[in-house]
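Colleague: My structure is stored as final_23.tsv, with TSV, C-alpha atoms.
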```tsv
chain	number	residue	atom	x	y	z
M	1	MET	CA	20.73	36.57	6.29
M	2	SER	CA	18.52	35.25	3.49
M	3	ASN	CA	19.55	32.14	1.60
M	4	ARG	CA	19.87	32.22	-2.16
M	5	VAL	CA	17.92	29.10	-3.05
M	6	ILE	CA	17.56	27.45	-6.43
M	7	VAL	CA	14.73	24.94	-6.79
M	8	VAL	CA	15.26	22.58	-9.72
M	9	GLY	CA	11.95	21.29	-11.02
M	10	ALA	CA	8.63	23.13	-11.32
M	11	GLY	CA	6.31	20.22	-10.69
M	12	ILE	CA	3.88	20.54	-7.82
M	13	VAL	CA	6.54	19.66	-5.21
M	14	GLY	CA	9.04	22.22	-6.52
M	15	ALA	CA	6.29	24.83	-6.90
M	16	SER	CA	5.18	24.27	-3.30
M	17	LEU	CA	8.76	24.62	-2.08
M	18	ALA	CA	9.27	27.83	-4.07
M	19	TYR	CA	6.04	29.30	-2.69
M	20	HIS	CA	6.79	28.43	0.92
M	21	LEU	CA	10.39	29.62	0.66
M	22	ALA	CA	9.41	32.92	-0.95
M	23	ALA	CA	6.71	33.42	1.69
M	24	ARG	CA	9.49	33.20	4.30
M	25	GLY	CA	11.55	35.89	2.62
M	26	GLN	CA	14.07	33.67	0.86
M	27	ALA	CA	15.59	34.66	-2.49
M	28	VAL	CA	14.28	31.85	-4.70
M	29	THR	CA	14.86	30.90	-8.33
M	30	LEU	CA	12.65	28.15	-9.76
M	31	LEU	CA	14.07	26.35	-12.80
M	32	ASP	CA	12.45	23.95	-15.24
M	33	ALA	CA	13.27	22.63	-18.68
M	34	GLY	CA	9.63	23.18	-19.66
M	35	LEU	CA	6.55	24.86	-18.29
M	36	PRO	CA	5.39	24.28	-14.71
M	37	ALA	CA	3.68	20.89	-14.26
M	38	SER	CA	4.90	19.64	-17.63
M	39	GLY	CA	6.33	16.42	-16.16
M	40	ALA	CA	4.77	13.76	-13.94
M	41	THR	CA	2.56	16.30	-12.17
M	42	GLY	CA	0.42	16.85	-15.24
M	43	SER	CA	-0.51	13.18	-15.54
M	44	SER	CA	-1.32	12.61	-11.88
M	45	PHE	CA	-4.70	11.31	-10.70
M	46	ALA	CA	-4.35	13.92	-7.91
M	47	TRP	CA	-6.26	12.20	-5.12
M	48	ILE	CA	-5.64	13.83	-1.74
M	49	GLY	CA	-6.22	11.65	1.28
M	50	ARG	CA	-4.57	10.22	4.33
M	51	PRO	CA	-4.46	6.72	5.81
M	52	GLU	CA	-6.52	5.83	8.85
M	53	THR	CA	-3.48	4.07	10.28
M	54	SER	CA	0.02	3.56	8.95
M	55	ASP	CA	3.35	2.17	10.12
M	56	LEU	CA	5.27	3.64	7.17
M	57	PRO	CA	8.27	5.82	8.02
M	58	SER	CA	6.52	8.68	6.21
M	59	ALA	CA	3.27	8.31	8.21
M	60	PRO	CA	3.72	11.60	10.17
M	61	LEU	CA	4.05	13.45	6.86
M	62	ARG	CA	1.12	11.63	5.24
M	63	PHE	CA	-1.18	12.37	8.18
M	64	LEU	CA	-0.66	16.09	7.52
M	65	ALA	CA	-1.75	16.01	3.88
M	66	LEU	CA	-5.38	17.10	4.20
M	67	ASP	CA	-4.80	19.75	6.85
M	68	GLU	CA	-1.95	21.29	4.88
M	69	TYR	CA	-4.08	21.63	1.74
M	70	ARG	CA	-6.85	23.26	3.76
M	71	ARG	CA	-4.23	25.69	5.08
M	72	LEU	CA	-3.13	26.45	1.52
M	73	GLN	CA	-6.73	27.16	0.55
M	74	ARG	CA	-6.92	29.74	3.35
M	75	GLU	CA	-3.66	31.34	2.20
M	76	LEU	CA	-4.49	31.21	-1.51
M	77	PRO	CA	-8.24	31.72	-2.02
M	78	GLY	CA	-8.00	30.82	-5.71
M	79	LEU	CA	-6.86	27.27	-4.93
M	80	ARG	CA	-9.70	24.94	-5.89
M	81	ILE	CA	-10.07	21.48	-4.35
M	82	SER	CA	-13.05	19.19	-4.74
M	83	TRP	CA	-13.65	17.77	-1.25
M	84	SER	CA	-15.88	15.02	-2.61
M	85	GLY	CA	-14.73	12.18	-0.37
M	86	SER	CA	-13.76	8.73	-1.60
M	87	LEU	CA	-15.54	5.40	-1.87
M	88	THR	CA	-13.27	2.35	-1.83
M	89	TRP	CA	-13.44	-1.42	-1.63
M	90	ASP	CA	-10.76	-4.10	-1.77
M	91	GLY	CA	-12.54	-6.90	-3.61
M	92	THR	CA	-12.47	-9.41	-0.78
M	93	GLY	CA	-15.45	-11.41	0.47
M	94	ASP	CA	-18.13	-13.48	-1.23
M	95	ASP	CA	-20.47	-10.56	-1.79
M	96	SER	CA	-20.73	-6.83	-1.24
M	97	GLY	CA	-21.42	-7.38	2.42
M	98	ASP	CA	-18.05	-8.92	3.31
M	99	GLY	CA	-14.49	-7.69	3.55
M	100	SER	CA	-13.18	-4.19	3.89
M	101	GLY	CA	-12.13	-1.57	1.42
M	102	GLU	CA	-9.00	0.48	0.96
M	103	GLY	CA	-8.16	2.62	-2.01
M	104	SER	CA	-4.85	2.69	-3.80
M	105	GLY	CA	-4.11	5.69	-5.96
M	106	GLU	CA	-2.37	8.93	-5.09
M	107	ALA	CA	-3.82	9.17	-1.61
M	108	GLY	CA	-2.14	6.04	-0.36
M	109	ARG	CA	-4.60	3.54	1.22
M	110	PRO	CA	-7.07	6.00	2.79
M	111	GLY	CA	-9.68	3.59	4.16
M	112	GLY	CA	-12.86	4.95	5.77
M	113	ALA	CA	-16.13	3.93	7.42
M	114	ALA	CA	-18.58	1.40	5.96
M	115	ALA	CA	-20.70	3.16	3.35
M	116	ASP	CA	-24.22	3.29	1.93
M	117	VAL	CA	-23.27	3.14	-1.74
M	118	ARG	CA	-26.65	4.14	-3.17
M	119	ALA	CA	-26.72	7.32	-1.13
M	120	ILE	CA	-23.16	8.29	-2.06
M	121	GLU	CA	-22.81	6.98	-5.64
M	122	PRO	CA	-26.29	6.19	-7.02
M	123	GLY	CA	-24.96	5.00	-10.38
M	124	LEU	CA	-22.28	2.66	-9.02
M	125	VAL	CA	-22.49	-1.12	-8.87
M	126	PRO	CA	-19.47	-1.91	-6.66
M	127	GLY	CA	-17.42	-5.07	-6.77
M	128	PRO	CA	-17.22	-7.61	-3.92
M	129	GLY	CA	-16.13	-6.37	-0.52
M	130	THR	CA	-17.59	-3.80	1.84
M	131	PRO	CA	-17.44	-0.28	0.38
M	132	HIS	CA	-15.85	2.25	2.72
M	133	HIS	CA	-16.37	5.98	2.68
M	134	ALA	CA	-13.71	8.59	3.56
M	135	PRO	CA	-15.71	11.86	3.45
M	136	ASP	CA	-12.70	14.16	3.94
M	137	ASP	CA	-10.76	13.06	0.86
M	138	GLY	CA	-10.41	15.43	-2.06
M	139	ALA	CA	-8.96	15.90	-5.52
M	140	LEU	CA	-7.55	18.78	-7.51
M	141	ASP	CA	-6.34	19.82	-10.93
M	142	PRO	CA	-2.56	19.37	-10.51
M	143	VAL	CA	-1.62	21.68	-13.37
M	144	GLU	CA	-3.90	24.45	-12.16
M	145	VAL	CA	-2.65	24.18	-8.59
M	146	THR	CA	1.00	24.08	-9.64
M	147	GLU	CA	0.57	27.19	-11.77
M	148	LEU	CA	-1.19	28.95	-8.89
M	149	LEU	CA	1.65	28.07	-6.49
M	150	VAL	CA	4.23	29.33	-8.99
M	151	ALA	CA	2.31	32.59	-9.49
M	152	ALA	CA	2.04	33.04	-5.71
M	153	ALA	CA	5.78	32.43	-5.37
M	154	VAL	CA	6.56	35.02	-8.05
M	155	GLU	CA	4.24	37.54	-6.35
M	156	ARG	CA	6.34	37.05	-3.22
M	157	GLY	CA	9.60	37.71	-5.03
M	158	ALA	CA	10.62	34.38	-6.54
M	159	GLU	CA	12.16	34.26	-10.01
M	160	LEU	CA	10.79	31.73	-12.52
M	161	ARG	CA	12.96	30.46	-15.37
M	162	VAL	CA	11.18	28.14	-17.77
M	163	GLY	CA	12.92	26.52	-20.74
M	164	THR	CA	16.02	26.40	-18.55
M	165	PRO	CA	17.16	22.82	-18.01
M	166	ALA	CA	19.63	22.16	-15.22
M	167	ILE	CA	22.61	20.63	-17.02
M	168	GLY	CA	24.44	19.83	-13.80
M	169	LEU	CA	25.17	20.81	-10.23
M	170	VAL	CA	28.26	22.82	-9.31
M	171	ARG	CA	30.34	21.33	-6.51
M	172	ASP	CA	33.21	22.97	-4.65
M	173	GLY	CA	34.78	20.40	-2.35
M	174	SER	CA	32.00	19.04	-0.16
M	175	ALA	CA	29.57	21.86	-0.97
M	176	VAL	CA	27.09	22.38	-3.79
M	177	THR	CA	27.36	26.04	-4.79
M	178	GLY	CA	25.12	26.38	-7.81
M	179	VAL	CA	23.44	24.97	-10.89
M	180	ARG	CA	24.90	24.83	-14.38
M	181	THR	CA	22.49	25.79	-17.17
M	182	GLY	CA	22.86	26.48	-20.87
M	183	ALA	CA	23.06	30.17	-20.03
M	184	GLY	CA	25.83	29.68	-17.47
M	185	VAL	CA	26.17	28.96	-13.77
M	186	LEU	CA	23.61	30.20	-11.28
M	187	PRO	CA	25.17	30.49	-7.80
M	188	ALA	CA	23.22	29.40	-4.75
M	189	THR	CA	23.52	28.94	-1.01
M	190	THR	CA	21.15	25.96	-1.24
M	191	VAL	CA	20.13	23.90	-4.25
M	192	VAL	CA	16.87	21.99	-3.84
M	193	VAL	CA	16.53	19.17	-6.34
M	194	ALA	CA	12.85	18.45	-6.90
M	195	ALA	CA	13.34	17.10	-10.40
M	196	GLY	CA	11.29	13.93	-10.01
M	197	ALA	CA	12.66	10.99	-11.96
M	198	GLY	CA	15.51	13.21	-13.21
M	199	THR	CA	16.88	13.69	-9.71
M	200	ALA	CA	19.12	10.62	-9.83
M	201	THR	CA	20.86	11.64	-13.06
M	202	LEU	CA	21.39	15.23	-11.95
M	203	CYS	CA	22.90	14.24	-8.60
M	204	ALA	CA	25.02	11.46	-10.11
M	205	GLY	CA	26.99	14.15	-11.92
M	206	ILE	CA	28.56	15.21	-8.61
M	207	GLY	CA	28.94	11.70	-7.25
M	208	VAL	CA	25.76	11.65	-5.14
M	209	GLU	CA	23.66	8.52	-5.53
M	210	VAL	CA	19.91	9.00	-5.14
M	211	PRO	CA	18.03	5.70	-5.53
M	212	VAL	CA	15.09	6.94	-7.60
M	213	GLU	CA	13.75	5.30	-10.72
M	214	SER	CA	11.17	6.26	-13.30
M	215	SER	CA	7.90	4.38	-12.74
M	216	PRO	CA	5.40	4.60	-15.62
M	217	ALA	CA	1.63	4.71	-15.19
M	218	VAL	CA	-1.21	5.36	-17.62
M	219	LEU	CA	-3.88	8.02	-17.21
M	220	VAL	CA	-7.01	7.67	-19.35
M	221	ARG	CA	-9.40	10.57	-19.87
M	222	LEU	CA	-13.00	9.91	-20.87
M	223	ARG	CA	-15.86	12.32	-21.48
M	224	ALA	CA	-19.28	11.82	-19.85
M	225	THR	CA	-22.22	13.78	-18.56
M	226	PRO	CA	-21.21	15.75	-15.45
M	227	GLY	CA	-22.46	14.19	-12.22
M	228	LEU	CA	-21.97	10.57	-13.28
M	229	VAL	CA	-19.26	10.00	-10.64
M	230	ARG	CA	-19.71	12.05	-7.48
M	231	THR	CA	-16.73	10.93	-5.40
M	232	ILE	CA	-13.33	9.32	-5.89
M	233	VAL	CA	-14.14	5.67	-6.59
M	234	ALA	CA	-11.46	3.00	-6.16
M	235	GLY	CA	-11.54	-0.79	-6.26
M	236	PRO	CA	-9.32	-3.55	-7.68
M	237	GLU	CA	-10.70	-3.15	-11.22
M	238	LEU	CA	-11.62	0.52	-11.34
M	239	GLU	CA	-10.28	3.80	-10.07
M	240	VAL	CA	-12.04	6.91	-11.30
M	241	ARG	CA	-13.02	10.46	-10.48
M	242	GLN	CA	-14.85	13.11	-12.48
M	243	ARG	CA	-13.98	16.75	-13.01
M	244	PRO	CA	-16.72	19.43	-13.04
M	245	ASP	CA	-16.61	19.63	-16.85
M	246	GLY	CA	-17.49	15.92	-17.10
M	247	THR	CA	-14.00	14.60	-17.80
M	248	LEU	CA	-13.41	11.23	-16.17
M	249	LEU	CA	-9.87	10.37	-15.00
M	250	LEU	CA	-8.88	6.70	-14.75
M	251	PRO	CA	-5.33	5.77	-13.63
M	252	LEU	CA	-4.07	2.37	-14.79
M	253	ALA	CA	-0.98	0.24	-14.40
M	254	TYR	CA	1.52	0.47	-17.26
M	255	GLU	CA	1.60	-2.77	-19.26
M	256	GLY	CA	4.37	-2.08	-21.74
M	257	GLN	CA	2.47	0.12	-24.21
M	258	THR	CA	4.90	1.52	-26.78
M	259	ASN	CA	2.69	3.30	-29.32
M	260	ARG	CA	-0.51	5.31	-29.65
M	261	ALA	CA	-2.52	2.37	-30.94
M	262	ALA	CA	-1.74	0.41	-27.78
M	263	LEU	CA	-2.74	3.38	-25.65
M	264	GLN	CA	-5.99	3.68	-27.60
M	265	ASP	CA	-6.70	0.02	-26.87
M	266	THR	CA	-5.99	0.70	-23.20
M	267	ALA	CA	-8.43	3.60	-23.22
M	268	GLU	CA	-11.15	1.43	-24.80
M	269	ALA	CA	-10.61	-1.27	-22.16
M	270	ALA	CA	-10.90	1.41	-19.47
M	271	ARG	CA	-14.14	2.64	-21.01
M	272	ARG	CA	-15.62	-0.86	-20.96
M	273	SER	CA	-14.50	-1.35	-17.36
M	274	LEU	CA	-16.20	1.89	-16.35
M	275	LEU	CA	-19.47	0.73	-17.95
M	276	ARG	CA	-19.43	-2.48	-15.89
M	277	PHE	CA	-19.44	-0.46	-12.68
M	278	PHE	CA	-21.57	2.44	-13.95
M	279	PRO	CA	-23.99	0.62	-16.29
M	280	GLY	CA	-26.16	3.70	-16.78
M	281	ALA	CA	-23.35	5.63	-18.47
M	282	SER	CA	-24.20	5.31	-22.15
M	283	ASP	CA	-22.53	8.44	-23.49
M	284	VAL	CA	-18.92	7.86	-22.42
M	285	GLU	CA	-16.31	8.78	-25.06
M	286	ILE	CA	-12.54	8.47	-25.12
M	287	VAL	CA	-10.60	11.73	-24.89
M	288	SER	CA	-6.98	10.60	-24.43
M	289	ALA	CA	-4.55	8.17	-22.84
M	290	GLU	CA	-1.04	9.10	-21.80
M	291	ILE	CA	1.92	7.66	-19.93
M	292	GLY	CA	3.24	9.54	-16.92
M	293	TRP	CA	6.77	8.79	-15.71
M	294	ARG	CA	6.56	9.10	-11.94
M	295	PRO	CA	9.57	9.27	-9.63
M	296	MET	CA	9.73	6.18	-7.42
M	297	PRO	CA	12.31	5.97	-4.60
M	298	ALA	CA	13.82	2.51	-4.14
M	299	ASP	CA	11.81	1.81	-0.98
M	300	GLY	CA	8.70	3.69	-2.11
M	301	GLU	CA	9.10	6.32	0.59
M	302	PRO	CA	9.71	10.07	0.09
M	303	ILE	CA	13.28	11.36	0.07
M	304	VAL	CA	13.27	14.77	1.74
M	305	GLY	CA	16.17	16.50	3.43
M	306	ALA	CA	19.79	17.58	3.23
M	307	GLU	CA	22.13	15.15	1.54
M	308	PRO	CA	24.62	13.85	4.16
M	309	GLY	CA	28.22	14.86	3.50
M	310	THR	CA	27.26	17.44	0.88
M	311	SER	CA	26.38	20.87	2.21
M	312	GLY	CA	24.08	23.08	0.18
M	313	LEU	CA	22.17	20.17	-1.39
M	314	TYR	CA	18.59	19.43	-0.36
M	315	LEU	CA	16.50	16.65	-1.93
M	316	ALA	CA	12.72	16.58	-2.36
M	317	VAL	CA	11.56	13.63	-4.44
M	318	MET	CA	8.58	11.38	-3.80
M	319	HIS	CA	5.74	9.35	-5.17
M	320	ALA	CA	2.33	10.63	-4.19
M	321	GLY	CA	3.90	14.02	-4.85
M	322	VAL	CA	0.53	15.72	-5.33
M	323	THR	CA	-0.80	14.37	-2.06
M	324	LEU	CA	2.30	15.36	-0.09
M	325	ALA	CA	3.25	18.61	-1.84
M	326	ALA	CA	1.58	21.04	0.57
M	327	ALA	CA	2.97	19.40	3.71
M	328	ALA	CA	6.43	18.62	2.31
M	329	GLY	CA	6.77	22.10	0.83
M	330	ARG	CA	6.06	23.83	4.12
M	331	LEU	CA	8.22	21.57	6.27
M	332	ALA	CA	11.17	21.60	3.87
M	333	ALA	CA	11.00	25.38	3.52
M	334	GLU	CA	11.07	25.74	7.29
M	335	GLU	CA	14.09	23.46	7.55
M	336	ILE	CA	16.00	25.34	4.86
M	337	THR	CA	15.10	28.71	6.37
M	338	THR	CA	15.71	27.94	10.04
M	339	GLY	CA	18.09	24.99	10.00
M	340	VAL	CA	15.81	23.21	12.49
M	341	ALA	CA	14.88	19.65	11.53
M	342	ALA	CA	11.17	18.89	11.20
M	343	PRO	CA	10.30	15.74	13.17
M	344	GLU	CA	7.57	14.85	10.67
M	345	LEU	CA	10.28	14.29	8.04
M	346	ALA	CA	12.47	12.05	10.21
M	347	GLY	CA	11.47	8.91	8.31
M	348	CYS	CA	12.13	10.47	4.89
M	349	ARG	CA	15.82	11.38	5.18
M	350	PRO	CA	18.34	10.61	2.42
M	351	ASP	CA	20.81	9.15	4.94
M	352	ARG	CA	18.73	5.97	5.24
M	353	PHE	CA	20.36	4.82	2.00
M	354	VAL	CA	23.94	5.47	3.17
```
Go through the file and emit its structure as structure tokens.

Modeller:
Amino acid sequence: MSNRVIVVGAGIVGASLAYHLAARGQAVTLLDAGLPASGATGSSFAWIGRPETSDLPSAPLRFLALDEYRRLQRELPGLRISWSGSLTWDGTGDDSGDGSGEGSGEAGRPGGAAADVRAIEPGLVPGPGTPHHAPDDGALDPVEVTELLVAAAVERGAELRVGTPAIGLVRDGSAVTGVRTGAGVLPATTVVVAAGAGTATLCAGIGVEVPVESSPAVLVRLRATPGLVRTIVAGPELEVRQRPDGTLLLPLAYEGQTNRAALQDTAEAARRSLLRFFPGASDVEIVSAEIGWRPMPADGEPIVGAEPGTSGLYLAVMHAGVTLAAAAGRLAAEEITTGVAAPELAGCRPDRFV
């Protein structure tokens, strides 16, 4: 018998879940207070990579990231990913010949082999440390991909309800049986909460504590001649990639900016930083700077799985949501559909906080 599943949150994680559930014949309703990708997804740097090695509990999930996106491209031919590779360095060493490089960013410390910078990024003057190249890394437009996943879910029978905020979860004893909206209660066999930073508040209404906080980050957009930056470039002072239309994306740490003037100053500082590493870029202009409020679990690791002691409630909240969306969406959909636990998600379970 098919589940009646409600997915709360139409960011890239919720969209992936809705697509994979609908593809498995589940009756799915996808809810969001706004349009798909209108939350943290839209302000993501959207770097897809995987670590060379990792001892994180989520390592089995992270190692799947690239392969799962390549699978999605086979399933959905319209899904566009720029498999440009990444060039990273960590800033250690006395000159560019010492140290080793690892990127930060959405991909999560990808690493890679020692690189010939001039051949890969002719315009780049890297900082100290040995640049490393990870040729399999990629990047995508998170809004475009989220919308494509939602459309694919709808084509497979899912229902999309935008402008429909989840006011609360409906609990009957130890079971979650639906979602309360402004239009009334929507019943469900399973409620998947993929509401990002809003997950904690929504679950608190039924007495379930989910240790997730909102973690701000800044994304600066600059305009430059296409082809200036060929790969994903990441070092201690600069992280940047370029879209085909010439738009440069630079993610930055949040430093307490509270108004547009402060964000404009941040964008100008980012522009100057870019010019130090790409000195030949004379035509760079500021487009925008915005703050994205990312979900951040208390231990930094994804929270994916059924909530212990509360049947009918499944959680899917994580940082690096863009990187992990394809893998987490497939594995979670299989668990919900079959009831069989995915071993790759063993380190991500909510019960680690109990």

Colleague: With all atoms listed in the file as the atoms that count, which of M:Gly235, M:Leu76, M:Val8, M:Leu202 lies nearest to Val145 of chain M?

Modeller: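 Closest to Val145 of chain M, using all atoms listed in the file: M:Leu76.
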
Colleague: So the first atom is atom CA of Pro128 of chain M and the second is atom CA of Arg272 of chain M; what is the distance between them in Å, to one decimal place?

Modeller: 18.4 Å

Colleague: Give as a PyMOL selection string each residue that has an atom at most 8 Å from (0.3, 15.7, 5.6) in the file, counting only C-alpha atoms.

Modeller: chain M and resi 50+60-68+323-324+326-328

Colleague: For atom CA of Ser86 of chain M and atom CA of Val304 of chain M, determine how far apart the two atoms are, in Å to one decimal place.

Modeller: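 Interatomic distance here is 27.9 Å.
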
Colleague: Restricting the calculation to all atoms listed in the file: of M:Leu148, M:Gly163, M:Gly49, M:Asp141, which residue gets closest to Leu35 of chain M?

Modeller: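 Checking each candidate against Leu35 of chain M, we get M:Gly163 as the closest.
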
Colleague: Check the smallest atom-to-atom distance from each of M:Glu155, M:Glu144, M:Asp90, M:Asp137 to His20 of chain M using only C-alpha atoms, then report the winner.

Modeller: M:Glu155

Colleague: List as a PyMOL selection string the protein and nucleic acid residues near Ala320 of chain M, meaning an atom at most 12 Å away when all atoms listed in the file are counted, but skip any in the same chain fewer than 2 places from it.

Modeller: chain M and resi 12-13+40-41+43-50+58+61-62+65+104-109+142+196+215+294-297+300-303+317-318+322-328

Colleague: Find the distance between atom CA of Gly129 of chain M and atom CA of Val240 of chain M and write it in Å to one decimal.

Modeller: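 For atom CA of Gly129 of chain M relative to atom CA of Val240 of chain M, the distance reads 17.6 Å.
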
Colleague: Some atoms are absent from segment 223-231 of chain M, so rebuild all heavy atoms and return them as an mmCIF file, in the coordinates of the input.

Modeller:
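Generated output (part_15.cif):
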```
data_model
loop_
_atom_site.group_PDB
_atom_site.id
_atom_site.type_symbol
_atom_site.label_atom_id
_atom_site.label_comp_id
_atom_site.auth_asym_id
_atom_site.auth_seq_id
_atom_site.Cartn_x
_atom_site.Cartn_y
_atom_site.Cartn_z
ATOM 1 N N ARG M 223 -14.885 11.237 -21.582
ATOM 2 C CA ARG M 223 -15.860 12.320 -21.480
ATOM 3 C C ARG M 223 -17.233 11.724 -21.187
ATOM 4 O O ARG M 223 -17.653 10.761 -21.836
ATOM 5 C CB ARG M 223 -15.915 13.138 -22.756
ATOM 6 C CG ARG M 223 -16.877 14.322 -22.706
ATOM 7 C CD ARG M 223 -16.900 15.096 -24.008
ATOM 8 N NE ARG M 223 -15.612 15.727 -24.276
ATOM 9 C CZ ARG M 223 -14.774 15.331 -25.233
ATOM 10 N NH1 ARG M 223 -15.080 14.290 -25.999
ATOM 11 N NH2 ARG M 223 -13.640 15.964 -25.422
ATOM 12 N N ALA M 224 -17.942 12.292 -20.201
ATOM 13 C CA ALA M 224 -19.280 11.820 -19.850
ATOM 14 C C ALA M 224 -20.093 12.988 -19.315
ATOM 15 O O ALA M 224 -19.569 14.082 -19.083
ATOM 16 C CB ALA M 224 -19.181 10.712 -18.798
ATOM 17 N N THR M 225 -21.360 12.752 -19.119
ATOM 18 C CA THR M 225 -22.220 13.780 -18.560
ATOM 19 C C THR M 225 -21.772 14.121 -17.138
ATOM 20 O O THR M 225 -21.559 13.210 -16.332
ATOM 21 C CB THR M 225 -23.677 13.301 -18.520
ATOM 22 O OG1 THR M 225 -24.100 12.974 -19.851
ATOM 23 C CG2 THR M 225 -24.596 14.371 -17.942
ATOM 24 N N PRO M 226 -21.603 15.394 -16.817
ATOM 25 C CA PRO M 226 -21.210 15.750 -15.450
ATOM 26 C C PRO M 226 -22.179 15.170 -14.423
ATOM 27 O O PRO M 226 -23.388 15.098 -14.658
ATOM 28 C CB PRO M 226 -21.263 17.284 -15.460
ATOM 29 C CG PRO M 226 -21.018 17.648 -16.893
ATOM 30 C CD PRO M 226 -21.690 16.580 -17.695
ATOM 31 N N GLY M 227 -21.635 14.754 -13.278
ATOM 32 C CA GLY M 227 -22.460 14.190 -12.220
ATOM 33 C C GLY M 227 -22.556 12.682 -12.238
ATOM 34 O O GLY M 227 -23.160 12.094 -11.338
ATOM 35 N N LEU M 228 -21.941 12.034 -13.226
ATOM 36 C CA LEU M 228 -21.970 10.570 -13.280
ATOM 37 C C LEU M 228 -21.257 9.979 -12.066
ATOM 38 O O LEU M 228 -21.777 9.084 -11.399
ATOM 39 C CB LEU M 228 -21.312 10.076 -14.566
ATOM 40 C CG LEU M 228 -21.119 8.559 -14.673
ATOM 41 C CD1 LEU M 228 -22.459 7.848 -14.754
ATOM 42 C CD2 LEU M 228 -20.222 8.207 -15.865
ATOM 43 N N VAL M 229 -20.051 10.471 -11.781
ATOM 44 C CA VAL M 229 -19.260 10.000 -10.640
ATOM 45 C C VAL M 229 -19.143 11.163 -9.656
ATOM 46 O O VAL M 229 -18.605 12.214 -9.991
ATOM 47 C CB VAL M 229 -17.859 9.533 -11.080
ATOM 48 C CG1 VAL M 229 -17.069 9.024 -9.880
ATOM 49 C CG2 VAL M 229 -17.973 8.445 -12.145
ATOM 50 N N ARG M 230 -19.641 10.960 -8.446
ATOM 51 C CA ARG M 230 -19.710 12.050 -7.480
ATOM 52 C C ARG M 230 -18.490 12.128 -6.569
ATOM 53 O O ARG M 230 -18.162 13.181 -6.040
ATOM 54 C CB ARG M 230 -20.970 11.899 -6.625
ATOM 55 C CG ARG M 230 -22.260 11.945 -7.427
ATOM 56 C CD ARG M 230 -23.469 11.828 -6.511
ATOM 57 N NE ARG M 230 -24.715 11.922 -7.260
ATOM 58 C CZ ARG M 230 -25.924 11.924 -6.688
ATOM 59 N NH1 ARG M 230 -26.030 11.830 -5.360
ATOM 60 N NH2 ARG M 230 -26.996 12.018 -7.433
ATOM 61 N N THR M 231 -17.852 10.991 -6.318
ATOM 62 C CA THR M 231 -16.730 10.930 -5.400
ATOM 63 C C THR M 231 -15.501 10.404 -6.125
ATOM 64 O O THR M 231 -15.498 10.260 -7.342
ATOM 65 C CB THR M 231 -17.052 9.987 -4.222
ATOM 66 O OG1 THR M 231 -17.220 8.661 -4.741
ATOM 67 C CG2 THR M 231 -18.324 10.404 -3.505
#
```
